[in-house]
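Written out below as structure tokens is the structure these notes cover.
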Amino acid sequence: MSSQLGHAIEGFRYCPAELDGRDQFELLGALRVVLAQAPLYTPAMPRTGKPLSARMSNCGSLGWVTDKAGGYRYQPTHPETGRRWPPIPSMLLDLWSRLAAGTPPPEACLINYYAGGTRMGSHVDADEQDRSVPVVSVSLGDDAVFHIGGLKRGDPKFRLVLHSGDVAVLGGTSRMAYHGIDRILPGTCDLLAEGGRFNLTLRRVMPAAI
Ligand code: MD6
Ligand code: FE
């Protein structure tokens, strides 16, 4: 599956079970600490103010946010508490060093929480100034049906199920490919007491100083 995808979309890497059960538990602990300082909030679409279905937070020096008035952007503070985002847990920085070796470190880790029945429409991650560096994403909790297409919205899509502990890397051409989450498969994982799924995406936002 991943090699077929690799041919269709250069630079896409699917790393199944990159984190084992212990790692997932440890990462979840670090995530709970982050969320105690930077609670999940409900983001809204630019202009319409329509709420997104996933709830979000961030860690790192910059976080991705969206609301009706300000639209999509990165900022150093939580939109509701006004406080700086907590640091990115070291486990995630280690993962970045393994999977995006030789690139400048990520400033941002977007945290998405999907309750059962929520989704993420097809989108391109395009709000980063430096889009030459991959985006690395980690799944925790229930399985999710992920799709990835091409550079145009209408291009054919491939689908794969992301499990807890899986990592997806969008580098190369795939960095600008449309992708999203069709649905969450409730009750497929018992890592999260509350059910549902977290997805953590690590991004380089600003070009590295030379
Ligand atoms: C998700 N993932 O897995 C949504 N973006 O919940 C993304 O939007 C994503 O998995 C950039 C790179 C990898 C991803
Ligand atoms: Fe994305």
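Following the order of the structure tokens, first chain is A, next is B, and so on, with residues numbered from 1 inside each chain and ligands from 1 in the order they appear.
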Quick one: contact table of segment 93-139 of chain A to segment 61-71 of chain A, 12 Å max, nearest atom pair and distance in Å to one decimal per residue, counting only C-alpha atoms, chain and number order, as JSON lines?
```
{"residue": "A:Pro105", "atom": "CA", "partner": "A:Ser61", "partner_atom": "CA", "distance": 11.1}
{"residue": "A:Pro106", "atom": "CA", "partner": "A:Ser61", "partner_atom": "CA", "distance": 9.0}
{"residue": "A:Glu107", "atom": "CA", "partner": "A:Ser61", "partner_atom": "CA", "distance": 5.4}
{"residue": "A:Ala108", "atom": "CA", "partner": "A:Leu62", "partner_atom": "CA", "distance": 5.0}
{"residue": "A:Cys109", "atom": "CA", "partner": "A:Gly63", "partner_atom": "CA", "distance": 6.7}
{"residue": "A:Leu110", "atom": "CA", "partner": "A:Trp64", "partner_atom": "CA", "distance": 6.3}
{"residue": "A:Ile111", "atom": "CA", "partner": "A:Trp64", "partner_atom": "CA", "distance": 9.2}
{"residue": "A:Asn112", "atom": "CA", "partner": "A:Trp64", "partner_atom": "CA", "distance": 10.6}
{"residue": "A:Asp125", "atom": "CA", "partner": "A:Trp64", "partner_atom": "CA", "distance": 10.4}
{"residue": "A:Ala126", "atom": "CA", "partner": "A:Trp64", "partner_atom": "CA", "distance": 11.1}
{"residue": "A:Asp127", "atom": "CA", "partner": "A:Trp64", "partner_atom": "CA", "distance": 8.4}
{"residue": "A:Glu128", "atom": "CA", "partner": "A:Trp64", "partner_atom": "CA", "distance": 9.4}
```
Export all heavy atoms of the chosen residues as a compact mmCIF listing (two decimals), in the first residue's frame?
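selection.txt, written as the output of this step:
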```txt
# COMPACT_ATOMS: atom_id res chain seq x y z
N PRO A 105 14.35 22.23 13.32
CA PRO A 105 13.33 21.68 14.24
C PRO A 105 11.96 22.34 14.04
O PRO A 105 11.87 23.47 13.57
CB PRO A 105 13.90 22.02 15.62
CG PRO A 105 14.86 23.12 15.40
CD PRO A 105 15.40 22.97 14.02
N PRO A 106 10.90 21.63 14.42
CA PRO A 106 9.56 22.18 14.29
C PRO A 106 9.31 23.25 15.35
O PRO A 106 9.72 23.09 16.49
CB PRO A 106 8.66 20.97 14.54
CG PRO A 106 9.46 20.10 15.45
CD PRO A 106 10.90 20.29 15.06
N GLU A 107 8.64 24.34 14.97
CA GLU A 107 8.21 25.32 15.99
C GLU A 107 6.82 25.00 16.48
O GLU A 107 6.41 25.47 17.55
CB GLU A 107 8.15 26.75 15.44
CG GLU A 107 9.40 27.29 14.82
CD GLU A 107 9.32 27.25 13.32
OE1 GLU A 107 8.83 26.23 12.79
OE2 GLU A 107 9.73 28.23 12.68
N ALA A 108 6.04 24.26 15.68
CA ALA A 108 4.62 24.10 15.98
C ALA A 108 4.23 22.64 16.02
O ALA A 108 4.67 21.84 15.20
CB ALA A 108 3.79 24.80 14.90
N CYS A 109 3.38 22.31 17.00
CA CYS A 109 2.71 21.01 17.00
C CYS A 109 1.22 21.28 17.21
O CYS A 109 0.80 21.71 18.29
CB CYS A 109 3.25 20.13 18.11
SG CYS A 109 2.36 18.56 18.24
N LEU A 110 0.46 21.07 16.15
CA LEU A 110 -1.00 21.23 16.22
C LEU A 110 -1.60 19.95 16.81
O LEU A 110 -1.24 18.85 16.39
CB LEU A 110 -1.56 21.48 14.82
CG LEU A 110 -3.09 21.49 14.69
CD1 LEU A 110 -3.72 22.63 15.48
CD2 LEU A 110 -3.48 21.59 13.21
N ILE A 111 -2.47 20.12 17.76
CA ILE A 111 -3.17 18.99 18.40
C ILE A 111 -4.63 19.03 17.96
O ILE A 111 -5.32 20.02 18.21
CB ILE A 111 -3.09 19.11 19.94
CG1 ILE A 111 -1.63 19.15 20.41
CG2 ILE A 111 -3.87 17.98 20.62
CD1 ILE A 111 -1.44 19.73 21.81
N ASN A 112 -5.05 17.98 17.28
CA ASN A 112 -6.47 17.86 16.88
C ASN A 112 -7.10 16.78 17.73
O ASN A 112 -6.51 15.69 17.85
CB ASN A 112 -6.60 17.40 15.42
CG ASN A 112 -6.18 18.45 14.42
OD1 ASN A 112 -5.45 18.16 13.48
ND2 ASN A 112 -6.63 19.65 14.61
N ASP A 125 -1.86 21.76 3.89
CA ASP A 125 -1.21 22.53 4.96
C ASP A 125 -0.33 23.58 4.27
O ASP A 125 0.76 23.26 3.80
CB ASP A 125 -0.35 21.62 5.84
CG ASP A 125 -1.17 20.65 6.67
OD1 ASP A 125 -2.27 20.25 6.23
OD2 ASP A 125 -0.72 20.29 7.76
N ALA A 126 -0.84 24.81 4.20
CA ALA A 126 -0.16 25.82 3.37
C ALA A 126 0.09 27.13 4.12
O ALA A 126 0.43 28.13 3.49
CB ALA A 126 -0.99 26.08 2.12
N ASP A 127 -0.06 27.14 5.43
CA ASP A 127 0.11 28.38 6.17
C ASP A 127 1.52 28.56 6.72
O ASP A 127 1.80 29.51 7.44
CB ASP A 127 -0.91 28.45 7.31
CG ASP A 127 -2.33 28.42 6.77
OD1 ASP A 127 -2.60 29.16 5.82
OD2 ASP A 127 -3.14 27.62 7.26
N GLU A 128 2.41 27.61 6.37
CA GLU A 128 3.79 27.68 6.83
C GLU A 128 4.60 28.45 5.78
O GLU A 128 4.39 28.26 4.58
CB GLU A 128 4.37 26.27 6.99
CG GLU A 128 3.60 25.40 7.99
CD GLU A 128 2.24 24.92 7.49
OE1 GLU A 128 2.10 24.74 6.26
OE2 GLU A 128 1.32 24.76 8.31
```
Enumerate as a tab-separated table (two decimals) with all heavy atoms, in the first residue's frame the residues within 10 Å of ligand 2, counting only C-alpha atoms and all ligand atoms.
```tsv
chain	number	residue	atom	x	y	z
A	110	LEU	N	0.46	21.07	16.15
A	110	LEU	CA	-1.00	21.23	16.22
A	110	LEU	C	-1.60	19.95	16.81
A	110	LEU	O	-1.24	18.85	16.39
A	110	LEU	CB	-1.56	21.48	14.82
A	110	LEU	CG	-3.09	21.49	14.69
A	110	LEU	CD1	-3.72	22.63	15.48
A	110	LEU	CD2	-3.48	21.59	13.21
A	120	MET	N	-12.30	15.72	9.16
A	120	MET	CA	-11.47	16.87	8.75
A	120	MET	C	-11.53	16.92	7.23
A	120	MET	O	-11.08	16.00	6.56
A	120	MET	CB	-10.05	16.65	9.25
A	120	MET	CG	-9.01	17.60	8.68
A	120	MET	SD	-8.84	19.11	9.59
A	120	MET	CE	-8.32	18.52	11.18
A	121	GLY	N	-12.11	17.97	6.71
A	121	GLY	CA	-12.27	18.11	5.26
A	121	GLY	C	-10.92	18.15	4.55
A	121	GLY	O	-9.88	18.44	5.17
A	122	SER	N	-10.96	17.85	3.26
A	122	SER	CA	-9.74	17.82	2.46
A	122	SER	C	-9.08	19.19	2.44
A	122	SER	O	-9.75	20.20	2.18
A	122	SER	CB	-10.12	17.39	1.03
A	122	SER	OG	-9.11	16.60	0.49
A	123	HIS	N	-7.81	19.23	2.74
A	123	HIS	CA	-7.10	20.52	2.82
A	123	HIS	C	-5.63	20.31	2.47
A	123	HIS	O	-5.14	19.18	2.42
A	123	HIS	CB	-7.20	21.09	4.25
A	123	HIS	CG	-6.49	20.25	5.26
A	123	HIS	ND1	-7.05	19.13	5.84
A	123	HIS	CD2	-5.23	20.32	5.77
A	123	HIS	CE1	-6.19	18.57	6.66
A	123	HIS	NE2	-5.05	19.28	6.64
A	124	VAL	N	-4.93	21.43	2.25
A	124	VAL	CA	-3.48	21.43	2.10
A	124	VAL	C	-2.92	22.24	3.27
A	124	VAL	O	-3.48	23.27	3.62
A	124	VAL	CB	-3.07	22.10	0.76
A	124	VAL	CG1	-1.56	22.26	0.67
A	124	VAL	CG2	-3.60	21.30	-0.42
A	125	ASP	N	-1.86	21.76	3.89
A	125	ASP	CA	-1.21	22.53	4.96
A	125	ASP	C	-0.33	23.58	4.27
A	125	ASP	O	0.76	23.26	3.80
A	125	ASP	CB	-0.35	21.62	5.84
A	125	ASP	CG	-1.17	20.65	6.67
A	125	ASP	OD1	-2.27	20.25	6.23
A	125	ASP	OD2	-0.72	20.29	7.76
A	126	ALA	N	-0.84	24.81	4.20
A	126	ALA	CA	-0.16	25.82	3.37
A	126	ALA	C	0.09	27.13	4.12
A	126	ALA	O	0.43	28.13	3.49
A	126	ALA	CB	-0.99	26.08	2.12
A	135	VAL	N	5.81	17.63	6.96
A	135	VAL	CA	4.94	17.65	8.13
A	135	VAL	C	4.87	16.21	8.64
A	135	VAL	O	4.70	15.28	7.84
A	135	VAL	CB	3.52	18.17	7.80
A	135	VAL	CG1	2.63	18.13	9.04
A	135	VAL	CG2	3.58	19.59	7.26
A	136	VAL	N	5.06	16.04	9.96
A	136	VAL	CA	5.08	14.70	10.56
A	136	VAL	C	3.86	14.61	11.46
A	136	VAL	O	3.66	15.47	12.32
A	136	VAL	CB	6.38	14.50	11.37
A	136	VAL	CG1	6.34	13.19	12.14
A	136	VAL	CG2	7.60	14.53	10.44
A	137	SER	N	3.03	13.58	11.27
A	137	SER	CA	1.81	13.47	12.07
A	137	SER	C	1.71	12.13	12.79
A	137	SER	O	2.01	11.08	12.23
A	137	SER	CB	0.59	13.76	11.19
A	137	SER	OG	-0.14	12.60	10.91
A	148	ILE	N	-5.53	10.77	1.02
A	148	ILE	CA	-4.56	11.69	0.42
A	148	ILE	C	-4.70	11.62	-1.09
A	148	ILE	O	-4.81	10.53	-1.66
A	148	ILE	CB	-3.11	11.44	0.91
A	148	ILE	CG1	-2.15	12.44	0.27
A	148	ILE	CG2	-2.68	10.00	0.70
A	148	ILE	CD1	-0.81	12.58	0.99
A	170	LEU	N	4.34	13.82	5.41
A	170	LEU	CA	4.07	14.44	4.12
A	170	LEU	C	5.28	15.31	3.76
A	170	LEU	O	5.43	16.42	4.28
A	170	LEU	CB	2.79	15.29	4.16
A	170	LEU	CG	1.48	14.58	3.80
A	170	LEU	CD1	1.18	13.48	4.79
A	170	LEU	CD2	0.33	15.55	3.74
A	175	ARG	N	3.88	17.07	0.29
A	175	ARG	CA	3.76	18.16	1.27
A	175	ARG	C	2.62	19.10	0.90
A	175	ARG	O	2.00	19.69	1.78
A	175	ARG	CB	5.11	18.90	1.34
A	175	ARG	CG	5.17	20.12	2.25
A	175	ARG	CD	5.04	19.75	3.70
A	175	ARG	NE	5.07	20.92	4.57
A	175	ARG	CZ	4.05	21.77	4.70
A	175	ARG	NH1	2.92	21.59	4.05
A	175	ARG	NH2	4.16	22.83	5.51
A	176	MET	N	2.35	19.24	-0.41
A	176	MET	CA	1.30	20.14	-0.87
A	176	MET	C	0.09	19.40	-1.42
A	176	MET	O	-0.72	19.96	-2.18
A	176	MET	CB	1.87	21.11	-1.92
A	176	MET	CG	2.96	22.03	-1.38
A	176	MET	SD	2.46	22.90	0.13
A	176	MET	CE	1.28	24.04	-0.58
A	177	ALA	N	-0.05	18.11	-1.05
A	177	ALA	CA	-1.18	17.31	-1.53
A	177	ALA	C	-2.40	17.50	-0.63
A	177	ALA	O	-2.27	17.69	0.58
A	177	ALA	CB	-0.79	15.83	-1.56
A	178	TYR	N	-3.57	17.44	-1.24
A	178	TYR	CA	-4.82	17.45	-0.47
A	178	TYR	C	-4.93	16.18	0.36
A	178	TYR	O	-4.60	15.10	-0.13
A	178	TYR	CB	-6.03	17.58	-1.40
A	178	TYR	CG	-6.26	19.00	-1.83
A	178	TYR	CD1	-5.65	19.52	-2.97
A	178	TYR	CD2	-7.09	19.83	-1.07
A	178	TYR	CE1	-5.85	20.84	-3.34
A	178	TYR	CE2	-7.28	21.15	-1.43
A	178	TYR	CZ	-6.67	21.66	-2.57
A	178	TYR	OH	-6.86	22.96	-2.92
A	179	HIS	N	-5.39	16.32	1.60
A	179	HIS	CA	-5.56	15.17	2.48
A	179	HIS	C	-6.58	15.54	3.55
A	179	HIS	O	-6.89	16.72	3.75
A	179	HIS	CB	-4.21	14.81	3.13
A	179	HIS	CG	-3.64	15.92	3.94
A	179	HIS	ND1	-2.89	16.94	3.41
A	179	HIS	CD2	-3.76	16.22	5.26
A	179	HIS	CE1	-2.57	17.80	4.35
A	179	HIS	NE2	-3.09	17.39	5.50
A	180	GLY	N	-7.11	14.52	4.24
A	180	GLY	CA	-8.09	14.79	5.30
A	180	GLY	C	-8.50	13.50	5.97
A	180	GLY	O	-7.96	12.42	5.69
A	181	ILE	N	-9.45	13.63	6.89
A	181	ILE	CA	-9.97	12.49	7.66
A	181	ILE	C	-11.44	12.31	7.33
A	181	ILE	O	-12.25	13.23	7.57
A	181	ILE	CB	-9.78	12.74	9.18
A	181	ILE	CG1	-8.29	12.81	9.54
A	181	ILE	CG2	-10.50	11.66	10.00
A	181	ILE	CD1	-7.52	11.52	9.41
A	199	ASN	N	-4.67	13.65	16.97
A	199	ASN	CA	-3.63	13.67	15.93
A	199	ASN	C	-2.73	14.86	16.23
A	199	ASN	O	-3.20	15.97	16.47
A	199	ASN	CB	-4.25	13.80	14.54
A	199	ASN	CG	-3.19	13.88	13.47
A	199	ASN	OD1	-2.89	14.94	12.93
A	199	ASN	ND2	-2.56	12.76	13.17
A	201	THR	N	0.34	17.09	14.74
A	201	THR	CA	1.15	17.35	13.53
A	201	THR	C	2.24	18.36	13.84
A	201	THR	O	1.98	19.48	14.27
A	201	THR	CB	0.31	17.85	12.33
A	201	THR	OG1	-0.54	18.88	12.74
A	201	THR	CG2	-0.51	16.74	11.72
```
Practice task
Pick out the residues sitting within 8 Å of Gly195 of chain A, and hand them over as an MDAnalysis selection string; count only C-alpha atoms, and ignore anything fewer than 5 positions along from it in its own chain.
Solution key: chainID A and resid 115:116 141:142 186:187 189:190
Practice task
Have a look at A:Gly21, A:Pro51, A:Gly11, A:Gly102 and name the one nearest to ligand 1; count only C-alpha atoms and all ligand atoms.
Solution key: A:Gly11
Problem - Contacts of Val145 of chain A at 6 Å (only C-alpha atoms; same-chain gap of 3+ positions) as a ChimeraX atom specification - result: /A:160-161,181-183
Export of the given selection (N, CA, C and O atoms) as a compact mmCIF listing (two decimals), in the first residue's frame:
```txt
# COMPACT_ATOMS: atom_id res chain seq x y z
N LEU A 160 -6.30 5.19 3.59
CA LEU A 160 -5.72 4.19 4.48
C LEU A 160 -6.19 4.46 5.90
O LEU A 160 -6.59 5.59 6.22
N VAL A 161 -6.21 3.40 6.70
CA VAL A 161 -6.65 3.54 8.09
C VAL A 161 -5.42 3.84 8.94
O VAL A 161 -4.44 3.08 8.92
N ILE A 181 -9.45 13.63 6.89
CA ILE A 181 -9.97 12.49 7.66
C ILE A 181 -11.44 12.31 7.33
O ILE A 181 -12.25 13.23 7.57
N ASP A 182 -11.79 11.16 6.76
CA ASP A 182 -13.19 10.89 6.39
C ASP A 182 -14.03 10.59 7.62
O ASP A 182 -15.14 11.08 7.76
N ARG A 183 -13.48 9.74 8.48
CA ARG A 183 -14.23 9.42 9.70
C ARG A 183 -13.35 8.70 10.72
O ARG A 183 -12.29 8.18 10.38
```
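Between atom CA of Val138 of chain A and atom CA of Pro43 of chain A there is a distance of 20.4 Å.
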Practice task
Find the residues near Arg55 of chain A: any atom within 8 Å, counting only C-alpha atoms, skip ones fewer than 6 places away on the same chain, and give them as a PyMOL selection string.
Solution key: chain A and resi 40-43+112-114
